file start.txt (compact mmCIF, C-alpha atoms)
# COMPACT_ATOMS: atom_id res chain seq x y z
CA MET A 840 -22.20 -11.35 -27.86
CA THR A 841 -19.88 -13.68 -29.75
CA THR A 842 -19.48 -17.42 -29.40
CA CYS A 843 -15.94 -18.46 -28.50
CA ILE A 844 -14.22 -21.83 -28.19
CA GLY A 845 -11.71 -22.37 -25.39
CA TYR A 846 -10.12 -25.04 -23.24
CA GLY A 847 -11.31 -25.17 -19.66
CA ALA A 848 -12.22 -27.32 -16.67
CA HIS A 849 -15.64 -27.77 -15.08
CA GLU A 850 -14.37 -28.92 -11.69
CA ALA A 851 -11.20 -29.13 -9.62
CA HIS A 852 -8.48 -31.41 -10.99
CA ALA A 853 -10.53 -32.16 -14.09
CA GLN A 854 -8.85 -32.44 -17.48
CA LEU A 855 -9.07 -29.33 -19.61
CA LYS A 856 -11.39 -29.89 -22.56
CA PRO A 857 -12.88 -27.81 -25.37
CA LEU A 858 -15.93 -25.81 -24.37
CA SER A 859 -18.06 -23.10 -25.91
CA PHE A 860 -18.91 -19.82 -24.19
CA GLU A 861 -19.94 -16.25 -24.98
CA ARG A 862 -17.69 -13.20 -25.14
CA ARG A 863 -19.41 -9.88 -24.47
CA ALA A 864 -20.28 -7.47 -27.24
CA LEU A 865 -17.83 -4.57 -27.59
CA ARG A 866 -18.44 -1.62 -25.29
CA ASP A 867 -17.38 1.83 -26.46
CA ASP A 868 -13.85 1.51 -25.05
CA ASP A 869 -13.28 -2.18 -25.80
CA VAL A 870 -10.78 -3.91 -28.05
CA ALA A 871 -11.37 -7.38 -29.54
CA VAL A 872 -8.24 -9.52 -29.93
CA GLU A 873 -7.77 -12.72 -31.92
CA ILE A 874 -5.36 -14.79 -29.80
CA ALA A 875 -2.25 -16.15 -31.53
CA TYR A 876 -0.23 -17.35 -28.53
CA CYS A 877 -0.86 -17.83 -24.84
CA GLY A 878 1.73 -18.64 -22.21
CA VAL A 879 1.12 -21.28 -19.55
CA CYS A 880 1.64 -20.12 -15.97
CA HIS A 881 1.87 -22.21 -12.78
CA SER A 882 -1.08 -20.19 -11.47
CA ASP A 883 -3.19 -21.57 -14.35
CA MET A 884 -2.65 -25.03 -12.91
CA HIS A 885 -3.35 -23.84 -9.36
CA TYR A 886 -6.69 -22.36 -10.42
CA VAL A 887 -7.70 -25.43 -12.41
CA HIS A 888 -6.88 -27.57 -9.36
CA ASN A 889 -8.64 -25.05 -7.06
CA ASP A 890 -5.56 -25.07 -4.84
CA TRP A 891 -6.48 -21.64 -3.43
CA ASN A 892 -10.17 -22.48 -2.89
CA SER A 893 -11.24 -19.53 -4.99
CA THR A 894 -11.87 -20.94 -8.46
CA ARG A 895 -15.11 -20.15 -10.24
CA PHE A 896 -15.97 -23.05 -12.54
CA PRO A 897 -15.95 -23.47 -15.42
CA CYS A 898 -12.42 -22.08 -15.46
CA ILE A 899 -10.73 -21.08 -18.72
CA PRO A 900 -7.16 -20.05 -17.79
CA GLY A 901 -4.56 -17.97 -19.59
CA HIS A 902 -3.18 -14.50 -18.81
CA GLU A 903 -0.13 -14.30 -21.09
CA ILE A 904 -1.94 -13.36 -24.29
CA VAL A 905 -0.50 -12.18 -27.60
CA GLY A 906 -2.64 -11.52 -30.65
CA GLU A 907 -4.07 -9.14 -33.22
CA VAL A 908 -6.82 -6.53 -32.95
CA THR A 909 -9.92 -7.55 -34.93
CA ALA A 910 -12.38 -4.84 -33.84
CA VAL A 911 -12.53 -1.71 -31.67
CA GLY A 912 -15.28 0.22 -29.93
CA PRO A 913 -16.17 3.76 -31.11
CA ALA A 914 -14.30 5.45 -28.24
CA VAL A 915 -11.02 3.55 -28.79
CA THR A 916 -8.15 5.82 -29.91
CA ARG A 917 -4.93 3.86 -29.29
CA TYR A 918 -5.50 0.76 -31.43
CA ARG A 919 -6.69 -0.13 -34.90
CA VAL A 920 -7.67 -3.37 -36.57
CA GLY A 921 -4.52 -5.31 -37.43
CA ASP A 922 -2.38 -4.01 -34.56
CA LYS A 923 -0.25 -6.58 -32.73
CA VAL A 924 -1.09 -6.41 -29.02
CA ALA A 925 -0.76 -8.23 -25.71
CA VAL A 926 -2.99 -8.76 -22.66
CA GLY A 927 -1.56 -9.72 -19.27
CA CYS A 928 -2.88 -10.68 -15.86
CA LEU A 929 -5.56 -8.01 -15.47
CA VAL A 930 -8.25 -6.54 -17.68
CA ASP A 931 -9.74 -3.78 -15.51
CA SER A 932 -9.51 -1.77 -12.28
CA CYS A 933 -11.43 1.13 -10.78
CA GLN A 934 -9.12 3.76 -12.38
CA GLN A 935 -9.98 6.22 -9.58
CA CYS A 936 -8.12 5.16 -6.41
CA ALA A 937 -4.62 6.28 -5.44
CA ALA A 938 -3.07 3.03 -6.67
CA CYS A 939 -4.69 3.30 -10.10
CA GLU A 940 -3.72 6.97 -10.40
CA ALA A 941 -0.12 5.94 -9.63
CA HIS A 942 -0.26 3.34 -12.45
CA GLU A 943 -0.22 0.50 -9.91
CA GLU A 944 -3.44 -1.12 -11.09
CA PRO A 945 -2.74 -4.55 -9.52
CA HIS A 946 -3.05 -2.83 -6.12
CA CYS A 947 -6.39 -1.17 -6.92
CA SER A 948 -8.19 -0.38 -3.66
CA HIS A 949 -11.36 -1.93 -5.06
CA GLY A 950 -9.59 -4.96 -6.46
CA MET A 951 -8.25 -5.55 -9.94
CA THR A 952 -10.29 -7.57 -12.42
CA THR A 953 -8.17 -10.55 -13.36
CA THR A 954 -8.05 -11.82 -16.94
CA TYR A 955 -9.69 -15.06 -15.86
CA ASN A 956 -11.55 -16.15 -12.71
CA GLY A 957 -12.43 -12.51 -12.07
CA LEU A 958 -15.75 -10.68 -12.17
CA ASP A 959 -16.51 -8.08 -14.83
CA ARG A 960 -16.90 -4.67 -13.15
CA ILE A 961 -20.03 -3.83 -15.15
CA SER A 962 -21.91 -7.08 -15.80
CA GLY A 963 -20.60 -9.19 -12.92
CA ALA A 964 -19.91 -12.04 -15.34
CA VAL A 965 -16.95 -14.36 -14.71
CA THR A 966 -13.93 -13.54 -16.87
CA TYR A 967 -12.44 -16.23 -19.11
CA GLY A 968 -8.81 -16.23 -20.20
CA GLY A 969 -6.52 -16.81 -23.12
CA TYR A 970 -6.83 -20.56 -23.69
CA SER A 971 -9.38 -19.50 -26.27
CA GLN A 972 -9.92 -18.08 -29.74
CA HIS A 973 -10.40 -14.43 -28.86
CA ILE A 974 -10.91 -12.01 -26.00
CA VAL A 975 -12.54 -8.60 -25.41
CA VAL A 976 -10.62 -6.18 -23.18
CA ARG A 977 -10.95 -2.56 -22.08
CA GLU A 978 -8.58 -0.41 -24.16
CA LYS A 979 -6.52 0.84 -21.21
CA PHE A 980 -5.57 -2.75 -20.37
CA VAL A 981 -4.31 -3.67 -23.82
CA LEU A 982 -0.56 -3.41 -24.38
CA ARG A 983 1.29 -2.59 -27.58
CA LEU A 984 3.56 -5.34 -28.90
CA PRO A 985 6.77 -3.56 -29.97
CA GLU A 986 8.32 -4.21 -33.34
CA GLY A 987 11.23 -6.61 -33.03
CA LEU A 988 9.68 -8.57 -30.16
CA ASP A 989 8.94 -12.10 -31.35
CA PRO A 990 5.23 -12.70 -30.57
CA ARG A 991 5.86 -16.41 -30.00
CA PHE A 992 7.90 -15.63 -26.90
CA ALA A 993 6.30 -12.41 -25.65
CA GLY A 994 3.53 -14.05 -23.60
CA PRO A 995 5.57 -15.12 -20.54
CA LEU A 996 6.89 -11.57 -20.21
CA LEU A 997 3.36 -10.54 -19.18
CA CYS A 998 3.50 -12.63 -15.99
CA ALA A 999 6.88 -14.22 -15.23
CA GLY A 1000 8.71 -11.28 -16.77
CA ILE A 1001 6.80 -8.48 -15.07
CA THR A 1002 6.82 -10.37 -11.75
CA VAL A 1003 10.62 -10.05 -11.55
CA TRP A 1004 10.94 -6.76 -13.46
CA THR A 1005 8.75 -4.87 -10.98
CA PRO A 1006 10.96 -5.46 -7.90
CA MET A 1007 14.09 -4.76 -9.92
CA ARG A 1008 12.73 -1.34 -10.83
CA GLU A 1009 11.33 -0.76 -7.33
CA HIS A 1010 14.66 -1.53 -5.66
CA GLY A 1011 16.91 0.21 -8.16
CA VAL A 1012 18.69 -2.69 -9.82
CA LYS A 1013 21.21 -1.23 -12.25
CA ALA A 1014 24.80 -1.53 -13.43
CA GLY A 1015 26.91 -2.65 -10.50
CA THR A 1016 24.06 -3.96 -8.34
CA ARG A 1017 25.00 -7.23 -6.66
CA LEU A 1018 21.88 -9.27 -7.28
CA ALA A 1019 21.17 -12.91 -6.44
CA VAL A 1020 18.34 -15.03 -7.80
CA VAL A 1021 17.11 -17.96 -5.70
CA GLY A 1022 15.74 -20.69 -7.94
CA LEU A 1023 16.06 -21.16 -11.70
CA GLY A 1024 12.58 -21.88 -12.97
CA GLY A 1025 10.15 -19.79 -15.01
CA LEU A 1026 10.58 -16.72 -12.78
CA GLY A 1027 14.24 -17.27 -11.98
CA HIS A 1028 15.47 -17.63 -15.53
CA MET A 1029 13.71 -14.39 -16.52
CA ALA A 1030 15.21 -12.62 -13.49
CA VAL A 1031 18.70 -13.67 -14.58
CA LYS A 1032 18.26 -12.50 -18.16
CA LEU A 1033 16.69 -9.16 -17.22
CA ALA A 1034 19.18 -8.39 -14.46
CA VAL A 1035 22.11 -9.12 -16.76
CA ALA A 1036 20.60 -6.81 -19.39
CA LEU A 1037 20.34 -4.08 -16.72
CA GLY A 1038 24.06 -4.47 -16.00
CA ALA A 1039 23.83 -6.13 -12.58
CA GLU A 1040 26.34 -8.64 -11.28
CA VAL A 1041 24.15 -11.73 -11.10
CA THR A 1042 24.49 -14.83 -8.94
CA VAL A 1043 22.13 -17.80 -9.09
CA ILE A 1044 21.55 -19.54 -5.75
CA THR A 1045 20.49 -23.16 -6.15
CA THR A 1046 20.53 -26.48 -4.33
CA SER A 1047 21.38 -28.31 -7.55
CA PRO A 1048 24.95 -28.41 -8.91
CA GLY A 1049 23.45 -29.55 -12.22
CA LYS A 1050 21.92 -26.12 -12.78
CA ALA A 1051 25.26 -24.30 -12.78
CA ASP A 1052 25.80 -24.67 -16.52
CA ASP A 1053 22.22 -23.58 -17.26
CA ALA A 1054 22.63 -20.52 -15.05
CA ARG A 1055 25.82 -19.44 -16.80
CA ALA A 1056 24.27 -20.08 -20.21
CA LEU A 1057 21.51 -17.64 -19.28
CA GLY A 1058 24.14 -15.02 -18.42
CA ALA A 1059 24.68 -15.46 -14.68
CA HIS A 1060 28.16 -14.46 -13.54
CA HIS A 1061 28.29 -16.75 -10.51
CA VAL A 1062 26.53 -19.78 -9.03
CA LEU A 1063 26.19 -20.33 -5.27
CA LEU A 1064 25.18 -23.73 -3.92
CA SER A 1065 22.91 -23.21 -0.92
CA SER A 1066 23.58 -26.84 0.05
CA ASP A 1067 27.28 -25.99 0.61
CA PRO A 1068 27.66 -24.50 4.13
CA GLN A 1069 31.16 -23.18 3.47
CA ALA A 1070 30.13 -21.48 0.25
CA MET A 1071 27.14 -19.88 1.98
CA LYS A 1072 29.33 -18.68 4.83
CA GLY A 1073 31.77 -17.19 2.37
CA ALA A 1074 28.95 -15.24 0.69
CA ALA A 1075 27.79 -13.53 3.91
CA SER A 1076 26.74 -9.90 3.31
CA ALA A 1077 27.59 -10.26 -0.39
CA PHE A 1078 24.39 -9.01 -2.05
CA ASP A 1079 22.37 -5.82 -2.38
CA VAL A 1080 19.16 -7.49 -3.57
CA ILE A 1081 18.01 -11.10 -3.53
CA LEU A 1082 15.01 -12.18 -5.59
CA ASP A 1083 13.51 -15.29 -4.03
CA THR A 1084 11.48 -17.18 -6.65
CA ILE A 1085 10.82 -20.37 -4.64
CA PRO A 1086 7.06 -20.99 -5.06
CA ARG A 1087 6.37 -22.69 -1.72
CA SER A 1088 6.91 -22.21 2.01
CA HIS A 1089 10.60 -22.37 2.93
CA ASN A 1090 13.26 -21.09 5.30
CA VAL A 1091 14.49 -17.64 4.21
CA ASN A 1092 16.95 -17.16 7.11
CA PRO A 1093 19.96 -18.53 5.18
CA TYR A 1094 19.32 -15.98 2.43
CA LEU A 1095 18.96 -13.08 4.85
CA MET A 1096 22.52 -13.72 6.02
CA LEU A 1097 23.73 -13.08 2.46
CA LEU A 1098 22.47 -9.47 2.39
CA GLY A 1099 24.80 -6.53 2.87
CA ARG A 1100 23.91 -3.18 4.48
CA HIS A 1101 20.35 -2.11 3.66
CA GLY A 1102 20.01 -5.26 1.58
CA LYS A 1103 16.58 -6.46 0.53
CA LEU A 1104 15.18 -9.95 0.13
CA VAL A 1105 12.19 -9.76 -2.21
CA LEU A 1106 9.69 -12.62 -2.29
CA VAL A 1107 8.14 -13.14 -5.71
CA GLY A 1108 7.33 -16.86 -5.57
CA ALA A 1109 5.79 -18.00 -2.29
CA LEU A 1110 2.19 -16.91 -1.74
CA GLU A 1111 1.77 -18.82 1.52
CA PRO A 1112 3.07 -18.74 5.10
CA LEU A 1113 6.85 -18.82 5.54
CA GLU A 1114 8.87 -20.61 8.17
CA PRO A 1115 9.71 -18.39 11.22
CA ILE A 1116 12.14 -15.54 10.56
CA HIS A 1117 14.92 -14.67 13.00
CA GLY A 1118 14.56 -10.98 13.86
CA ALA A 1119 18.27 -10.52 14.52
CA LEU A 1120 19.01 -11.28 10.88
CA LEU A 1121 16.92 -8.26 9.92
CA ALA A 1122 18.45 -5.96 12.51
CA VAL A 1123 22.01 -6.76 11.44
CA ASN A 1124 22.90 -4.70 8.36
CA ASN A 1125 19.43 -3.08 8.41
CA ARG A 1126 18.13 -5.82 6.18
CA SER A 1127 14.53 -6.02 5.08
CA ILE A 1128 12.09 -8.45 3.49
CA ALA A 1129 9.69 -7.24 0.82
CA GLY A 1130 7.02 -8.82 -1.32
CA SER A 1131 6.13 -7.99 -4.89
CA LEU A 1132 3.23 -8.67 -7.22
CA ILE A 1133 3.07 -7.92 -10.94
CA GLY A 1134 3.56 -4.34 -12.12
CA GLY A 1135 1.01 -1.97 -13.56
CA LEU A 1136 0.23 -1.33 -17.21
CA ALA A 1137 2.85 1.38 -17.73
CA GLN A 1138 5.57 -0.75 -16.19
CA THR A 1139 4.55 -3.79 -18.23
CA GLN A 1140 4.77 -1.73 -21.43
CA GLU A 1141 8.19 -0.54 -20.29
CA LEU A 1142 9.24 -4.17 -19.90
CA LEU A 1143 8.01 -5.14 -23.37
CA ASP A 1144 9.87 -2.20 -24.91
CA PHE A 1145 13.04 -3.05 -22.96
CA CYS A 1146 12.92 -6.69 -24.06
CA ALA A 1147 12.43 -5.69 -27.69
CA GLU A 1148 15.38 -3.29 -27.52
CA HIS A 1149 17.72 -5.74 -25.76
CA GLN A 1150 16.28 -8.95 -27.24
CA VAL A 1151 15.60 -10.45 -23.82
CA LEU A 1152 13.25 -13.37 -24.35
CA PRO A 1153 12.11 -16.24 -22.17
CA VAL A 1154 13.16 -19.79 -22.98
CA CYS A 1155 9.96 -21.46 -24.18
CA GLU A 1156 8.63 -24.76 -25.43
CA MET A 1157 5.81 -24.37 -27.94
CA ILE A 1158 2.85 -26.74 -27.58
CA ASP A 1159 -0.56 -27.34 -29.14
CA ILE A 1160 -3.63 -26.69 -27.01
CA GLN A 1161 -4.43 -30.40 -27.22
CA ASP A 1162 -1.27 -31.05 -25.15
CA ILE A 1163 -2.21 -28.74 -22.27
CA ASN A 1164 -3.04 -31.51 -19.80
CA THR A 1165 0.32 -33.15 -20.45
CA ALA A 1166 1.96 -29.75 -19.97
CA PHE A 1167 0.29 -29.39 -16.57
CA GLU A 1168 1.56 -32.82 -15.56
CA ARG A 1169 5.06 -31.89 -16.67
CA MET A 1170 4.93 -28.61 -14.74
CA GLU A 1171 4.11 -30.55 -11.59
CA ARG A 1172 7.29 -32.57 -12.19
CA ASN A 1173 9.33 -29.43 -13.00
CA ASP A 1174 9.88 -30.94 -16.42
CA VAL A 1175 10.05 -27.76 -18.51
CA LYS A 1176 12.75 -25.26 -19.47
CA TYR A 1177 11.35 -22.82 -18.67
CA ARG A 1178 7.87 -21.90 -19.92
CA PHE A 1179 5.23 -23.50 -22.12
CA VAL A 1180 3.53 -21.37 -24.77
CA ILE A 1181 0.42 -22.51 -26.61
CA ASP A 1182 0.22 -21.94 -30.36
CA MET A 1183 -3.46 -21.08 -30.47
CA ALA A 1184 -3.69 -21.93 -34.17
CA SER A 1185 -3.97 -25.50 -32.88
CA LEU A 1186 -7.38 -24.64 -31.39
CA LYS A 1187 -8.88 -24.73 -34.87
CA GLY A 1188 -8.55 -28.50 -34.70
CA ALA A 1189 -10.26 -28.79 -31.31
call {"tool": "encode", "arguments": {"input": "start.txt", "output": "structure tokens"}}
result
Amino acid sequence: MTTCIGYGAHEAHAQLKPLSFERRALRDDDVAVEIAYCGVCHSDMHYVHNDWNSTRFPCIPGHEIVGEVTAVGPAVTRYRVGDKVAVGCLVDSCQQCAACEAHEEPHCSHGMTTTYNGLDRISGAVTYGGYSQHIVVREKFVLRLPEGLDPRFAGPLLCAGITVWTPMREHGVKAGTRLAVVGLGGLGHMAVKLAVALGAEVTVITTSPGKADDARALGAHHVLLSSDPQAMKGAASAFDVILDTIPRSHNVNPYLMLLGRHGKLVLVGALEPLEPIHGALLAVNNRSIAGSLIGGLAQTQELLDFCAEHQVLPVCEMIDIQDINTAFERMERNDVKYRFVIDMASLKGA
């Protein structure tokens, strides 16, 4: 085992502070990674606050990890010391069920092992995430960082990026697709940039007129104000796919009316009960509502390669680990454009 320093919380709503813990010794198929950068996700804050009543304390968050291989187990064949790699939201799954065989590891029948707040499939130990010096991960769950992809900005692709990429691939977003994005935060801004790179005609739907310039700067072709009844009426049946990134319970009925024939509203933000849905809005135009989680390992690697080729990168603000509590406070106020990334070199001063 190896001693590791990270930033974590010992109880709900506590400030994150430096703490020491043990990483496991390398198993035969393990890869050890020195962490250079780690993105900050809203779910990190939810787990630290125990908003979902499922946090195992102490909690060391972080599942948008970019770093360098420092050691490999004897059975590892894909990576060598010095390779630039990434680790996303999961670090293991059963690898035997139908979902795993279909490269849909997040839907593992026996449950995926999350990068933090999970339980190791062999030892049963709680997993600790990327707000730390280094991490040990099963080889199959380590991703290759493509050349040309700036490691400073790659982290958010592993969560925010793959969260919106997966439904785009699932629902066939391509050149000519009429796609709308509801909300322009961490998920929404990545959805805009990726959809534009795929050739879709992209509209941002927002309640805030002040976000119109930001949306167009990100590449959106149109902006629709959901607070404007006439504009919403004029956009009836206008879209093939709508990605709804709103992270809380809300009324989706106004967005359903914007879908054309066989149109799909895909929820990627809200992980809680929604307000009642009017069935007639689904029957008209054969509309449907779908949900989407992150994609599997193969799809995440596809995303990284696509972003390197097309230079699609999230808009990030770099911070030191010592500023993580301030970053959480700012996230609660929606005071970030659009993702925080921790420069883990700052941990040396912790």
call {"tool": "atom_distance", "arguments": {"input": "start.txt", "atom1": "CA of Met1170 in chain A", "atom2": "CA of Tyr970 in chain A"}}
result
16.8 Å
call {"tool": "atom_distance", "arguments": {"input": "start.txt", "atom1": "CA of Ser962 in chain A", "atom2": "CA of His849 in chain A"}}
result
21.6 Å
call {"tool": "atom_distance", "arguments": {"input": "start.txt", "atom1": "CA of Asp1159 in chain A", "atom2": "CA of Met1183 in chain A"}}
result
7.0 Å
call {"tool": "residues_around", "arguments": {"input": "start.txt", "residues": "Trp891 in chain A", "least_positions_apart": "4", "cutoff": "12 Å", "atoms": "all atoms listed in the file", "output": "PyMOL selection string"}}
result
chain A and resi 851+882-887+895+956+1110-1111
call {"tool": "closest_residue", "arguments": {"input": "start.txt", "among": "A:Leu1152, A:Val1123, A:Leu1113, A:Ala1077", "to": "Ala1030 in chain A", "atoms": "all atoms listed in the file"}}
result
A:Leu1152
call {"tool": "residues_near_point", "arguments": {"input": "start.txt", "point": "(-16.7, -10.6, -16.0)", "cutoff": "12 Å", "atoms": "all atoms listed in the file", "output": "PyMOL selection string"}}
result
chain A and resi 861-863+895+929-932+951-968+974-977
call {"tool": "write_last_selection", "arguments": {"input": "start.txt", "atoms": "C-alpha atoms", "output": "short mmCIF file (atom, residue, chain, number, x, y, z; two decimals), in the coordinates of the input"}}
result
data_model
loop_
_atom_site.label_atom_id
_atom_site.label_comp_id
_atom_site.auth_asym_id
_atom_site.auth_seq_id
_atom_site.Cartn_x
_atom_site.Cartn_y
_atom_site.Cartn_z
CA GLU A 861 -19.94 -16.25 -24.98
CA ARG A 862 -17.69 -13.20 -25.14
CA ARG A 863 -19.41 -9.88 -24.47
CA ARG A 895 -15.11 -20.15 -10.24
CA LEU A 929 -5.56 -8.01 -15.47
CA VAL A 930 -8.25 -6.54 -17.68
CA ASP A 931 -9.74 -3.78 -15.51
CA SER A 932 -9.51 -1.77 -12.28
CA MET A 951 -8.25 -5.55 -9.94
CA THR A 952 -10.29 -7.57 -12.42
CA THR A 953 -8.17 -10.55 -13.36
CA THR A 954 -8.05 -11.82 -16.94
CA TYR A 955 -9.69 -15.06 -15.86
CA ASN A 956 -11.55 -16.15 -12.71
CA GLY A 957 -12.43 -12.51 -12.07
CA LEU A 958 -15.75 -10.68 -12.17
CA ASP A 959 -16.51 -8.08 -14.83
CA ARG A 960 -16.90 -4.67 -13.15
CA ILE A 961 -20.03 -3.83 -15.15
CA SER A 962 -21.91 -7.08 -15.80
CA GLY A 963 -20.60 -9.19 -12.92
CA ALA A 964 -19.91 -12.04 -15.34
CA VAL A 965 -16.95 -14.36 -14.71
CA THR A 966 -13.93 -13.54 -16.87
CA TYR A 967 -12.44 -16.23 -19.11
CA GLY A 968 -8.81 -16.23 -20.20
CA ILE A 974 -10.91 -12.01 -26.00
CA VAL A 975 -12.54 -8.60 -25.41
CA VAL A 976 -10.62 -6.18 -23.18
CA ARG A 977 -10.95 -2.56 -22.08
#
call {"tool": "residues_around", "arguments": {"input": "start.txt", "residues": "Leu1132 in chain A", "least_positions_apart": "5", "cutoff": "8 Å", "atoms": "only C-alpha atoms", "output": "JSON, numbers by chain"}}
result
{"A": [945, 1002, 1005, 1107]}
call {"tool": "residues_near_point", "arguments": {"input": "start.txt", "point": "(19.7, -13.6, -1.4)", "cutoff": "7 Å", "atoms": "only C-alpha atoms", "output": "list in words"}}
result
Ala1019, Val1020, Val1021, Phe1078, Val1080, Ile1081, Leu1082, Asp1083, Tyr1094, Leu1095, Leu1097, Leu1098 and Leu1104 of chain A
call {"tool": "residues_around", "arguments": {"input": "start.txt", "residues": "Ala1070 in chain A", "least_positions_apart": "4", "cutoff": "12 Å", "atoms": "all atoms listed in the file", "output": "number ranges by chain"}}
result
A: 1044-1046, 1061-1066, 1074-1075, 1077, 1093, 1097
call {"tool": "closest_atom_pairs", "arguments": {"input": "start.txt", "of": "range 931-996 of chain A", "to": "range 904-912 of chain A", "cutoff": "9 Å", "atoms": "all atoms listed in the file", "output": "tab-separated table"}}
result
residue	atom	partner	partner_atom	distance
A:Gly968	CA	A:Ile904	CA	8.5
A:Gly969	CA	A:Ile904	CA	5.9
A:Tyr970	CA	A:Ile904	CA	8.7
A:His973	CA	A:Gly906	CA	8.5
A:Glu978	CA	A:Val911	CA	8.6
A:Leu984	CA	A:Val905	CA	8.1
A:Pro990	CA	A:Val905	CA	6.5
A:Arg991	CA	A:Val905	CA	8.0
A:Ala993	CA	A:Val905	CA	7.1
A:Gly994	CA	A:Ile904	CA	5.6
A:Pro995	CA	A:Ile904	CA	8.6
call {"tool": "write_last_selection", "arguments": {"input": "start.txt", "atoms": "C-alpha atoms", "output": "compact mmCIF listing (two decimals), in the frame of the given file"}}
result
# COMPACT_ATOMS: atom_id res chain seq x y z
CA GLY A 968 -8.81 -16.23 -20.20
CA GLY A 969 -6.52 -16.81 -23.12
CA TYR A 970 -6.83 -20.56 -23.69
CA HIS A 973 -10.40 -14.43 -28.86
CA GLU A 978 -8.58 -0.41 -24.16
CA LEU A 984 3.56 -5.34 -28.90
CA PRO A 990 5.23 -12.70 -30.57
CA ARG A 991 5.86 -16.41 -30.00
CA ALA A 993 6.30 -12.41 -25.65
CA GLY A 994 3.53 -14.05 -23.60
CA PRO A 995 5.57 -15.12 -20.54
call {"tool": "closest_residue", "arguments": {"input": "start.txt", "among": "A:Ile1128, A:Cys843, A:Val1151, A:Cys880", "to": "His1028 in chain A", "atoms": "only C-alpha atoms"}}
result
A:Val1151
call {"tool": "closest_residue", "arguments": {"input": "start.txt", "among": "A:Ile899, A:Ala871, A:Cys936, A:Leu1026", "to": "Arg919 in chain A", "atoms": "only C-alpha atoms"}}
result
A:Ala871
call {"tool": "residues_around", "arguments": {"input": "start.txt", "residues": "Glu1040 in chain A", "least_positions_apart": "5", "cutoff": "10 Å", "atoms": "all atoms listed in the file", "output": "list in words"}}
result
Val1012, Lys1013, Ala1014, Gly1015, Thr1016, Arg1017, Leu1018, Ala1019, Val1031, Ala1034, Val1035, Gly1058, Ala1059, His1060, His1061 and Phe1078 of chain A
call {"tool": "residues_around", "arguments": {"input": "start.txt", "residues": "Gly847 in chain A", "least_positions_apart": "6", "cutoff": "8 Å", "atoms": "only C-alpha atoms", "output": "list in words"}}
result
Gln854, Leu855, Lys856, Pro857, Leu858, Pro897, Cys898, Ile899, Pro900 and Tyr970 of chain A
call {"tool": "write_last_selection", "arguments": {"input": "start.txt", "atoms": "C-alpha atoms", "output": "JSON list (two decimals), in the frame of the given file"}}
result
[["chain", "number", "residue", "atom", "x", "y", "z"],
["A", 854, "GLN", "CA", -8.85, -32.44, -17.48],
["A", 855, "LEU", "CA", -9.07, -29.33, -19.61],
["A", 856, "LYS", "CA", -11.39, -29.89, -22.56],
["A", 857, "PRO", "CA", -12.88, -27.81, -25.37],
["A", 858, "LEU", "CA", -15.93, -25.81, -24.37],
["A", 897, "PRO", "CA", -15.95, -23.47, -15.42],
["A", 898, "CYS", "CA", -12.42, -22.08, -15.46],
["A", 899, "ILE", "CA", -10.73, -21.08, -18.72],
["A", 900, "PRO", "CA", -7.16, -20.05, -17.79],
["A", 970, "TYR", "CA", -6.83, -20.56, -23.69]]
call {"tool": "axis_aligned_box", "arguments": {"input": "start.txt", "around": "range 850-853 of chain A", "padding_each_side": "8 Å", "output": "JSON"}}
result
{"center_x": -11.4, "center_y": -30.5, "center_z": -11.9, "size_x": 21.9, "size_y": 19.2, "size_z": 20.5}
